[in-house]
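J.: Got a structure for you, input_25.txt, holding compact mmCIF, C-alpha atoms and all ligand atoms.
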```txt
# COMPACT_ATOMS: atom_id res chain seq x y z
CA MET X 102 19.07 0.27 0.97
CA ASP X 103 21.47 2.97 2.10
CA ARG X 104 21.30 3.16 5.87
CA ARG X 105 24.22 5.48 6.48
CA GLY X 106 23.83 8.68 8.43
CA ILE X 107 21.34 7.47 11.02
CA ALA X 108 22.48 7.10 14.63
CA GLU X 109 22.25 3.56 15.99
CA GLU X 110 20.05 4.85 18.81
CA THR X 111 17.57 6.41 16.35
CA ARG X 112 17.50 3.26 14.24
CA ALA X 113 16.72 1.18 17.32
CA LEU X 114 13.96 3.60 18.35
CA ILE X 115 12.36 3.38 14.89
CA ALA X 116 12.46 -0.41 15.04
CA ARG X 117 10.85 -0.46 18.52
CA LEU X 118 7.97 1.93 17.82
CA PRO X 119 4.61 0.40 16.88
CA LYS X 120 3.84 1.31 13.28
CA ALA X 121 0.94 1.52 10.84
CA GLU X 122 1.47 0.86 7.14
CA VAL X 123 -1.54 1.53 4.94
CA HIS X 124 -0.23 1.45 1.35
CA LEU X 125 1.12 -2.00 0.64
CA HIS X 126 0.18 -4.54 -2.06
CA LEU X 127 0.05 -8.12 -0.82
CA GLU X 128 1.31 -9.45 -4.17
CA GLY X 129 4.07 -6.84 -3.98
CA THR X 130 5.52 -8.30 -0.79
CA ILE X 131 6.86 -11.45 -2.55
CA SER X 132 10.66 -11.51 -2.57
CA PRO X 133 12.55 -12.68 -5.70
CA GLU X 134 13.70 -15.77 -3.74
CA THR X 135 10.10 -16.76 -2.85
CA LEU X 136 8.84 -16.05 -6.36
CA TRP X 137 11.64 -18.13 -7.87
CA ALA X 138 10.87 -21.06 -5.53
CA ILE X 139 7.12 -20.87 -6.31
CA ALA X 140 7.74 -20.67 -10.08
CA GLN X 141 10.10 -23.67 -9.95
CA ALA X 142 7.64 -25.75 -7.91
CA ASN X 143 4.79 -24.93 -10.33
CA HIS X 144 6.87 -25.23 -13.52
CA ALA X 145 5.63 -21.71 -14.26
CA ARG X 146 7.38 -19.62 -16.87
CA LEU X 147 9.11 -16.42 -15.80
CA PRO X 148 10.74 -14.13 -18.38
CA VAL X 149 14.17 -15.04 -16.90
CA GLY X 150 16.27 -18.18 -16.63
CA SER X 151 17.79 -17.90 -13.14
CA LEU X 152 17.27 -16.43 -9.67
CA GLU X 153 20.10 -13.99 -10.37
CA GLU X 154 18.33 -12.76 -13.52
CA LEU X 155 15.07 -12.51 -11.57
CA ARG X 156 16.80 -10.31 -8.98
CA GLY X 157 17.88 -8.13 -11.91
CA LEU X 158 14.28 -7.95 -13.14
CA TYR X 159 13.27 -6.52 -9.73
CA ARG X 160 15.49 -3.54 -10.58
CA PHE X 161 13.24 -2.44 -13.48
CA GLU X 162 13.57 0.98 -14.98
CA SER X 163 10.03 1.96 -15.88
CA PHE X 164 6.44 1.59 -14.74
CA ASP X 165 5.77 -0.68 -17.76
CA GLY X 166 8.63 -2.96 -16.69
CA PHE X 167 7.15 -3.05 -13.22
CA VAL X 168 3.66 -4.00 -14.48
CA GLU X 169 5.17 -6.71 -16.73
CA LEU X 170 6.96 -8.33 -13.79
CA TRP X 171 3.84 -7.95 -11.66
CA LEU X 172 1.67 -9.89 -14.10
CA ALA X 173 4.33 -12.59 -14.60
CA MET X 174 4.43 -12.94 -10.81
CA CYS X 175 0.62 -13.30 -10.50
CA SER X 176 0.64 -16.01 -13.17
CA CYS X 177 3.05 -18.10 -11.03
CA LEU X 178 0.68 -18.40 -8.06
CA ARG X 179 -1.15 -21.66 -8.75
CA ARG X 180 -1.58 -23.62 -5.50
CA PRO X 181 -3.23 -22.66 -2.18
CA GLN X 182 0.15 -22.99 -0.45
CA ASP X 183 1.60 -20.30 -2.77
CA TYR X 184 -0.93 -17.83 -1.39
CA GLU X 185 -0.31 -19.01 2.17
CA ARG X 186 3.41 -18.57 1.69
CA MET X 187 2.84 -15.02 0.42
CA VAL X 188 0.76 -14.18 3.52
CA ASP X 189 3.29 -15.80 5.88
CA GLY X 190 6.09 -13.71 4.37
CA PHE X 191 4.06 -10.53 4.81
CA VAL X 192 3.19 -11.34 8.45
CA SER X 193 6.77 -12.15 9.41
CA GLU X 194 7.99 -8.85 7.90
CA CYS X 195 5.35 -7.00 9.98
CA VAL X 196 6.45 -8.80 13.14
CA ARG X 197 10.12 -8.02 12.42
CA GLN X 198 9.36 -4.30 11.98
CA ASN X 199 6.68 -4.02 14.69
CA ILE X 200 3.97 -3.05 12.21
CA ARG X 201 0.79 -3.32 14.29
CA TYR X 202 -1.76 -2.16 11.71
CA ALA X 203 -1.68 -2.74 7.95
CA GLU X 204 -3.97 -2.15 5.04
CA LEU X 205 -3.25 -4.46 2.16
CA HIS X 206 -4.23 -3.87 -1.43
CA PHE X 207 -5.21 -7.11 -3.13
CA THR X 208 -6.36 -7.58 -6.73
CA PRO X 209 -8.71 -10.61 -7.01
CA PHE X 210 -9.22 -10.04 -10.74
CA ASN X 211 -5.57 -10.80 -11.52
CA HIS X 212 -5.94 -14.19 -9.83
CA GLU X 213 -9.18 -14.79 -11.72
CA ARG X 214 -7.60 -14.02 -15.09
CA PHE X 215 -4.68 -16.39 -14.53
CA GLY X 216 -7.03 -19.24 -13.64
CA PHE X 217 -6.66 -19.73 -9.88
CA GLY X 218 -9.90 -17.88 -9.10
CA GLY X 219 -10.21 -14.45 -7.48
CA ARG X 220 -12.71 -15.47 -4.81
CA ARG X 221 -10.71 -18.59 -3.97
CA ALA X 222 -7.51 -16.53 -3.65
CA LEU X 223 -9.28 -13.98 -1.44
CA GLN X 224 -10.64 -16.71 0.83
CA ILE X 225 -7.24 -18.38 1.29
CA VAL X 226 -5.54 -15.05 1.98
CA THR X 227 -8.24 -14.09 4.50
CA GLU X 228 -8.12 -17.39 6.39
CA ARG X 229 -4.33 -17.28 6.57
CA LEU X 230 -4.36 -13.70 7.85
CA LEU X 231 -7.00 -14.51 10.47
CA SER X 232 -5.11 -17.54 11.74
CA ALA X 233 -1.69 -15.82 11.89
CA SER X 234 -0.53 -15.27 15.45
CA GLY X 235 1.38 -12.20 16.60
CA GLY X 236 0.85 -10.34 13.33
CA PRO X 237 -0.77 -6.95 12.78
CA GLU X 238 -4.45 -6.06 12.59
CA VAL X 239 -5.12 -6.12 8.85
CA ARG X 240 -7.80 -4.76 6.55
CA LEU X 241 -8.01 -5.48 2.84
CA ILE X 242 -8.64 -3.12 -0.07
CA LEU X 243 -9.79 -4.84 -3.26
CA ASP X 244 -8.30 -3.07 -6.27
CA ILE X 245 -9.65 -2.78 -9.79
CA PRO X 246 -6.65 -3.06 -12.15
CA SER X 247 -7.15 -0.10 -14.48
CA GLU X 248 -5.78 -1.73 -17.64
CA SER X 249 -8.57 -4.31 -17.79
CA ALA X 250 -11.38 -2.20 -16.33
CA ASP X 251 -14.12 -3.27 -18.77
CA VAL X 252 -13.98 -6.73 -17.24
CA SER X 253 -12.25 -6.17 -13.90
CA GLY X 254 -14.51 -3.24 -12.89
CA PRO X 255 -17.81 -5.18 -12.92
CA TYR X 256 -16.02 -8.29 -11.59
CA THR X 257 -14.62 -6.46 -8.55
CA ALA X 258 -17.84 -4.52 -7.85
CA GLY X 259 -19.83 -7.79 -8.10
CA LEU X 260 -17.46 -9.57 -5.75
CA LEU X 261 -17.75 -6.77 -3.19
CA GLU X 262 -21.55 -6.86 -3.41
CA GLU X 263 -21.72 -10.63 -2.91
CA GLU X 264 -18.96 -11.45 -0.42
CA HIS X 265 -19.16 -11.02 3.34
CA ASN X 266 -15.47 -11.01 4.11
CA PRO X 267 -14.59 -9.74 7.61
CA LEU X 268 -11.33 -8.09 6.49
CA VAL X 269 -12.42 -6.29 3.33
CA ALA X 270 -13.01 -2.61 4.05
CA ALA X 271 -12.77 -0.76 0.74
CA ILE X 272 -12.60 -0.72 -3.01
CA GLY X 273 -9.38 0.57 -4.58
CA LEU X 274 -7.94 1.34 -7.98
CA GLY X 275 -4.51 0.15 -9.16
CA GLY X 276 -2.67 -0.47 -12.43
CA PRO X 277 -1.35 2.14 -14.86
CA GLU X 278 -2.68 5.71 -14.62
CA GLN X 279 -1.67 7.21 -17.99
CA GLY X 280 -4.63 6.98 -20.35
CA PHE X 281 -7.00 5.79 -17.63
CA PRO X 282 -8.87 8.82 -16.23
CA ARG X 283 -10.04 8.14 -12.69
CA ARG X 284 -13.61 9.31 -13.40
CA ALA X 285 -14.05 6.40 -15.85
CA PHE X 286 -14.23 4.06 -12.83
CA ALA X 287 -17.06 5.94 -11.13
CA PRO X 288 -19.86 3.40 -11.87
CA TRP X 289 -18.03 0.57 -10.06
CA PHE X 290 -16.96 2.77 -7.19
CA GLU X 291 -20.58 3.87 -6.84
CA ARG X 292 -21.71 0.23 -6.65
CA ALA X 293 -19.09 -0.56 -3.99
CA ARG X 294 -20.04 2.51 -1.92
CA ARG X 295 -23.72 1.56 -2.12
CA ALA X 296 -22.73 -1.90 -0.87
CA GLY X 297 -21.25 -0.25 2.24
CA TYR X 298 -17.54 -0.04 1.44
CA ARG X 299 -15.29 2.95 1.56
CA ALA X 300 -13.29 4.05 -1.46
CA VAL X 301 -9.59 4.76 -1.96
CA ALA X 302 -7.67 5.12 -5.23
CA HIS X 303 -4.18 5.34 -6.68
CA ALA X 304 -3.84 8.75 -8.31
CA GLY X 305 -1.27 11.48 -8.92
CA GLU X 306 1.65 9.06 -9.33
CA THR X 307 2.28 8.56 -13.06
CA ALA X 308 -0.40 11.08 -14.08
CA GLY X 309 -1.05 14.65 -12.99
CA PRO X 310 -3.12 16.43 -10.34
CA GLU X 311 -6.37 16.16 -12.34
CA HIS X 312 -6.35 12.45 -11.48
CA VAL X 313 -6.20 13.30 -7.78
CA ARG X 314 -9.13 15.66 -8.13
CA GLU X 315 -11.16 13.04 -10.02
CA ALA X 316 -10.37 10.38 -7.42
CA VAL X 317 -11.75 12.65 -4.67
CA VAL X 318 -14.68 14.21 -6.54
CA ASP X 319 -15.80 11.45 -8.92
CA LEU X 320 -14.80 8.32 -6.99
CA GLY X 321 -15.41 9.59 -3.46
CA ALA X 322 -11.93 8.45 -2.36
CA VAL X 323 -11.29 9.05 1.34
CA ARG X 324 -7.58 8.38 0.85
CA ILE X 325 -5.28 8.61 -2.16
CA GLN X 326 -2.38 6.26 -2.78
CA HIS X 327 0.55 8.49 -3.75
CA GLY X 328 -1.15 11.81 -4.67
CA VAL X 329 2.31 13.39 -4.83
CA ARG X 330 1.63 15.18 -8.12
CA ALA X 331 -1.11 17.15 -6.36
CA VAL X 332 1.69 19.67 -5.65
CA GLU X 333 1.48 20.71 -9.31
CA ASP X 334 -1.92 22.34 -8.67
CA PRO X 335 -2.49 24.50 -5.55
CA ASP X 336 -6.27 24.04 -5.89
CA VAL X 337 -5.92 20.25 -5.68
CA LEU X 338 -3.67 20.58 -2.61
CA LYS X 339 -6.35 22.82 -1.08
CA LEU X 340 -9.07 20.29 -1.91
CA LEU X 341 -7.11 17.52 -0.14
CA ALA X 342 -6.41 19.70 2.90
CA GLU X 343 -10.00 20.97 3.23
CA ARG X 344 -11.61 17.57 2.85
CA ARG X 345 -8.96 15.89 5.03
CA VAL X 346 -8.17 13.37 2.29
CA CYS X 347 -5.00 11.58 3.32
CA CYS X 348 -2.24 10.73 0.80
CA ASP X 349 -0.34 7.47 1.33
CA VAL X 350 3.14 8.42 0.18
CA THR X 351 5.90 5.93 -0.74
CA LEU X 352 9.35 7.49 -1.14
CA SER X 353 11.53 4.70 -2.62
CA SER X 354 8.74 3.61 -4.97
CA ASN X 355 8.45 7.18 -6.31
CA VAL X 356 12.22 7.38 -6.88
CA CYS X 357 12.46 3.89 -8.48
CA LEU X 358 9.56 4.54 -10.85
CA LYS X 359 10.93 8.03 -11.66
CA VAL X 360 7.83 9.82 -10.39
CA VAL X 361 10.34 12.24 -8.84
CA PRO X 362 13.85 12.89 -10.24
CA SER X 363 15.54 12.30 -6.86
CA ILE X 364 14.69 11.79 -3.20
CA ALA X 365 15.80 15.37 -2.47
CA ALA X 366 13.14 16.62 -4.91
CA HIS X 367 10.35 14.62 -3.25
CA PRO X 368 7.33 16.83 -2.44
CA LEU X 369 6.40 15.12 0.87
CA ARG X 370 7.23 18.19 2.94
CA ARG X 371 5.39 20.52 0.58
CA MET X 372 2.28 18.36 0.99
CA MET X 373 2.63 18.51 4.79
CA GLU X 374 3.10 22.29 4.71
CA ALA X 375 -0.07 22.63 2.60
CA GLY X 376 -1.99 20.91 5.42
CA VAL X 377 -2.55 17.64 3.53
CA PRO X 378 -2.62 14.62 5.87
CA VAL X 379 0.03 12.11 4.72
CA THR X 380 1.26 8.66 5.71
CA LEU X 381 4.49 6.83 4.87
CA SER X 382 4.50 3.33 3.33
CA THR X 383 6.52 1.03 1.07
CA ASP X 384 4.06 0.07 -1.74
CA ASP X 385 5.92 -3.13 -2.81
CA PRO X 386 9.00 -3.41 -0.56
CA PRO X 387 11.21 -6.02 -2.34
CA PHE X 388 10.46 -4.42 -5.72
CA PHE X 389 11.91 -1.13 -4.47
CA GLY X 390 14.68 -2.53 -2.25
CA THR X 391 13.15 -1.14 0.92
CA ASP X 392 11.08 -1.82 4.02
CA LEU X 393 9.12 0.45 6.36
CA LEU X 394 12.11 1.00 8.67
CA GLY X 395 14.08 2.05 5.58
CA GLU X 396 11.40 4.53 4.52
CA TRP X 397 11.37 6.17 7.97
CA GLU X 398 15.16 6.43 7.86
CA LEU X 399 15.03 7.87 4.34
CA ALA X 400 12.55 10.56 5.45
CA LEU X 401 14.83 11.46 8.39
CA ARG X 402 18.06 11.45 6.45
CA SER X 403 17.07 12.81 3.05
CA LEU X 404 14.02 14.97 3.73
CA GLY X 405 15.02 16.28 7.15
CA LEU X 406 11.88 15.16 8.99
CA GLY X 407 12.14 14.86 12.77
CA ILE X 408 11.03 11.83 14.79
CA GLY X 409 8.03 13.83 16.08
CA GLU X 410 6.93 14.56 12.50
CA LEU X 411 7.35 10.94 11.48
CA TRP X 412 5.35 9.86 14.50
CA ASP X 413 2.52 12.16 13.45
CA LEU X 414 2.57 10.60 9.95
CA ASN X 415 2.43 7.20 11.66
CA LEU X 416 -0.63 8.26 13.67
CA ASN X 417 -2.25 9.49 10.43
CA GLY X 418 -2.30 5.83 9.38
CA LEU X 419 -4.69 5.23 12.31
CA ARG X 420 -6.60 8.53 12.13
CA HIS X 421 -7.48 7.81 8.48
CA ALA X 422 -7.67 4.01 8.78
CA LEU X 423 -10.44 1.96 7.18
CA ALA X 424 -10.93 -0.41 10.13
CA GLU X 425 -13.82 -0.08 12.58
CA THR X 426 -13.57 2.68 15.21
CA ALA X 427 -13.20 0.28 18.17
CA VAL X 428 -10.18 -1.40 16.58
CA ILE X 429 -8.55 1.91 15.73
CA ARG X 430 -9.13 3.37 19.22
CA ARG X 431 -7.49 0.31 20.80
CA LEU X 432 -4.46 0.65 18.54
CA PHE X 433 -4.30 4.41 19.07
CA LYS X 434 -4.09 3.88 22.84
CA GLU X 435 -1.33 1.30 22.32
CA PHE X 436 0.57 3.78 20.10
CA GLU X 437 0.07 6.65 22.60
CA ALA X 438 1.47 4.51 25.42
CA ALA X 439 4.55 3.67 23.31
CA ALA X 440 5.09 7.39 22.53
CA ARG X 441 4.94 8.21 26.26
CA ARG X 442 7.41 5.43 27.05
CA GLU X 443 9.83 6.66 24.39
CA GLY X 444 9.45 10.34 25.33
CA ILE X 445 7.90 11.38 22.01
CA THR X 446 5.79 14.50 22.47
CA VAL X 447 2.43 14.51 20.78
CA ASP X 448 0.46 17.71 20.23
CA PRO X 449 -2.47 17.40 22.71
CA GLU X 450 -4.69 19.29 20.22
CA ALA X 451 -3.89 16.82 17.40
CA GLU X 452 -6.75 14.87 15.87
CA LYS X 453 -7.65 11.54 17.48
CA PRO X 454 -9.66 8.78 15.87
ZN ZN J 1 0.44 1.25 -4.64
```
What is this file in structure tokens?
Ligand SMILES: [Zn+2]
T.:
Amino acid sequence: MDRRGIAEETRALIARLPKAEVHLHLEGTISPETLWAIAQANHARLPVGSLEELRGLYRFESFDGFVELWLAMCSCLRRPQDYERMVDGFVSECVRQNIRYAELHFTPFNHERFGFGGRRALQIVTERLLSASGGPEVRLILDIPSESADVSGPYTAGLLEEEHNPLVAAIGLGGPEQGFPRRAFAPWFERARRAGYRAVAHAGETAGPEHVREAVVDLGAVRIQHGVRAVEDPDVLKLLAERRVCCDVTLSSNVCLKVVPSIAAHPLRRMMEAGVPVTLSTDDPPFFGTDLLGEWELALRSLGLGIGELWDLNLNGLRHALAETAVIRRLFKEFEAAARREGITVDPEAEKP
């Protein structure tokens, strides 16, 4: 991560501020070192022969390469302690960066298909998150992986209908976008909504603005992960702004996966100017060589955002959060107190949760 061009004082301020990160995949927080250790302990096969080669694999060049590594990684998780180790790594990264609220995407179906069991994986992850001390408030989003929707759609909807997990707040949609229209997932999203969950969906990353529209209109998504290609259609931007549908933007991920040709060409500011609420997150930090502090610095350095603007994006993570109102209000007060302490001015008219 290139951290040049940011004053030491600003970097320290960013590190100190309490932060919300709402677009992060739990499985995507595993570092190459941890994955290598888990694979060795489980005698699991990775498509590489050494840790050095595995580090190279984390620098993939296409979305397909990313998905391939992702599935190989899921197949390595075989013991309860592998899942606990994954959660512990996530929590310690949150503590290091002062992330006080996080929404984690988790894909139980992938753990079902590789034999560990999706419900079992979810239970271990939940218990570990609940027993972690000093970590952030967390809510979980259970994703349908698009590429196996015929099986994973009904599986995920059924799991949501049957489980009573205190951390699960929403259904989500992950996996590849190309060739998988968002409206095709409507029956399972409808089941999840009827069961009392909210809906979010990945859209407008590797496919165009019509996916963003379908996620909002056909899936009832209250937030969109990415949504950056909405800028290709002014009507879709207008739809997001009018309905206050928040887009959870991830800068390094978009550059790495070639969703945008360069960071300078990233449409984050255009989305903000169109009145679309946006947040800033990392998606899968070690896969994209970043962390949340790095993403804030990137937005300052390469997109010219000010600290006040970044702070407003940070508050959007709470304003559009999936957790219960009481939890969000408590965190919002904590964040407001930090802003006062640090002399960050907040528009008194700005939306509060
Ligand atoms: Zn994502």
J.: Against ligand ZN 1 (chain J), which residues of chain X fall within 10 Å? For each one I want the closest pair of atoms and the distance in Å (one decimal), counting only C-alpha atoms and all ligand atoms, rows by chain and increasing residue number, as a Markdown table.
T.:
```
| residue | atom | partner | partner_atom | distance |
| --- | --- | --- | --- | --- |
| X:Val123 | CA | J:ZN1 | ZN | 9.8 |
| X:His124 | CA | J:ZN1 | ZN | 6.0 |
| X:Leu125 | CA | J:ZN1 | ZN | 6.2 |
| X:His126 | CA | J:ZN1 | ZN | 6.3 |
| X:Gly129 | CA | J:ZN1 | ZN | 8.9 |
| X:Leu205 | CA | J:ZN1 | ZN | 9.6 |
| X:His206 | CA | J:ZN1 | ZN | 7.6 |
| X:Asp244 | CA | J:ZN1 | ZN | 9.9 |
| X:Gly273 | CA | J:ZN1 | ZN | 9.8 |
| X:Leu274 | CA | J:ZN1 | ZN | 9.0 |
| X:Gly275 | CA | J:ZN1 | ZN | 6.8 |
| X:Gly276 | CA | J:ZN1 | ZN | 8.6 |
| X:Ala302 | CA | J:ZN1 | ZN | 9.0 |
| X:His303 | CA | J:ZN1 | ZN | 6.5 |
| X:Ala304 | CA | J:ZN1 | ZN | 9.4 |
| X:Glu306 | CA | J:ZN1 | ZN | 9.2 |
| X:Ile325 | CA | J:ZN1 | ZN | 9.6 |
| X:Gln326 | CA | J:ZN1 | ZN | 6.0 |
| X:His327 | CA | J:ZN1 | ZN | 7.3 |
| X:Asp349 | CA | J:ZN1 | ZN | 8.7 |
| X:Val350 | CA | J:ZN1 | ZN | 9.1 |
| X:Thr351 | CA | J:ZN1 | ZN | 8.2 |
| X:Ser354 | CA | J:ZN1 | ZN | 8.6 |
| X:Ser382 | CA | J:ZN1 | ZN | 9.2 |
| X:Thr383 | CA | J:ZN1 | ZN | 8.3 |
| X:Asp384 | CA | J:ZN1 | ZN | 4.8 |
| X:Asp385 | CA | J:ZN1 | ZN | 7.3 |
```
J.: Between atom CA of Leu155 of chain X and atom CA of Ala203 of chain X, what is the spacing in Å?
T.: 27.5 Å
J.: Around (1.3, 10.2, -11.4) in the file's frame, which residues reach within 7 Å when counting all atoms listed in the file? Return as a list in words?
T.: Glu278, Ala304, Gly305, Glu306, Thr307, Ala308, Gly309, Arg330 and Val360 of chain X
J.: Calculated over all atoms listed in the file, which of the candidates X:Arg179, X:Leu231, X:Glu194, X:Ala365 has the smallest distance to Glu213 of chain X?
T.: X:Arg179
J.: Residues within 10 Å of Glu122 of chain X, please, as number ranges by chain. Count only C-alpha atoms; anything in the same chain fewer than 4 positions from it doesn't count.
T.: X: 195, 200-205, 237, 239, 349, 380-384, 393, 415, 417-419, 422
J.: May I have the residues within 9 Å of segment 254-263 of chain X as a PyMOL selection string, using only C-alpha atoms and disregarding those fewer than 2 positions away in the same chain?
T.: chain X and resi 208-210+219-220+243-247+249-252+265-266+269+271-272+286+288-293+295-298
J.: Restricting the calculation to all atoms listed in the file, which member of X:Gly157, X:Pro148, X:Pro362, X:Gly328 is positioned closest to Leu172 of chain X?
T.: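 Ranking X:Gly157, X:Pro148, X:Pro362, X:Gly328 by distance to Leu172 of chain X, first place goes to X:Pro148.
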J.: Set the distance at 12 Å and use all atoms listed in the file: which residues neighbour Glu128 of chain X once local chain neighbours fewer than 5 positions away are removed? I'd like the list as an MDAnalysis selection string.
T.: chainID X and resid 133 135:136 168 170:178 183:188 190:191 205:209 211:212 222:223 226 244 384:388
J.: Name the closest residue to His367 of chain X among the candidates X:Leu147, X:Cys347, X:Val332, X:Leu414; distances are taken between atoms, counting all atoms listed in the file.
T.: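 Checking each of X:Leu147, X:Cys347, X:Val332, X:Leu414 against His367 of chain X, counting all atoms listed in the file, the winner is X:Val332.
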J.: Between atom CA of Val192 of chain X and atom CA of Ala233 of chain X, what distance in Å does the model show, to one decimal?
T.: 7.5 Å
J.: In Å to one decimal, how far is atom CA of Ser353 of chain X from atom CA of Gly390 of chain X?
T.: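 Rounded to one decimal, the two atoms are 7.9 Å apart.
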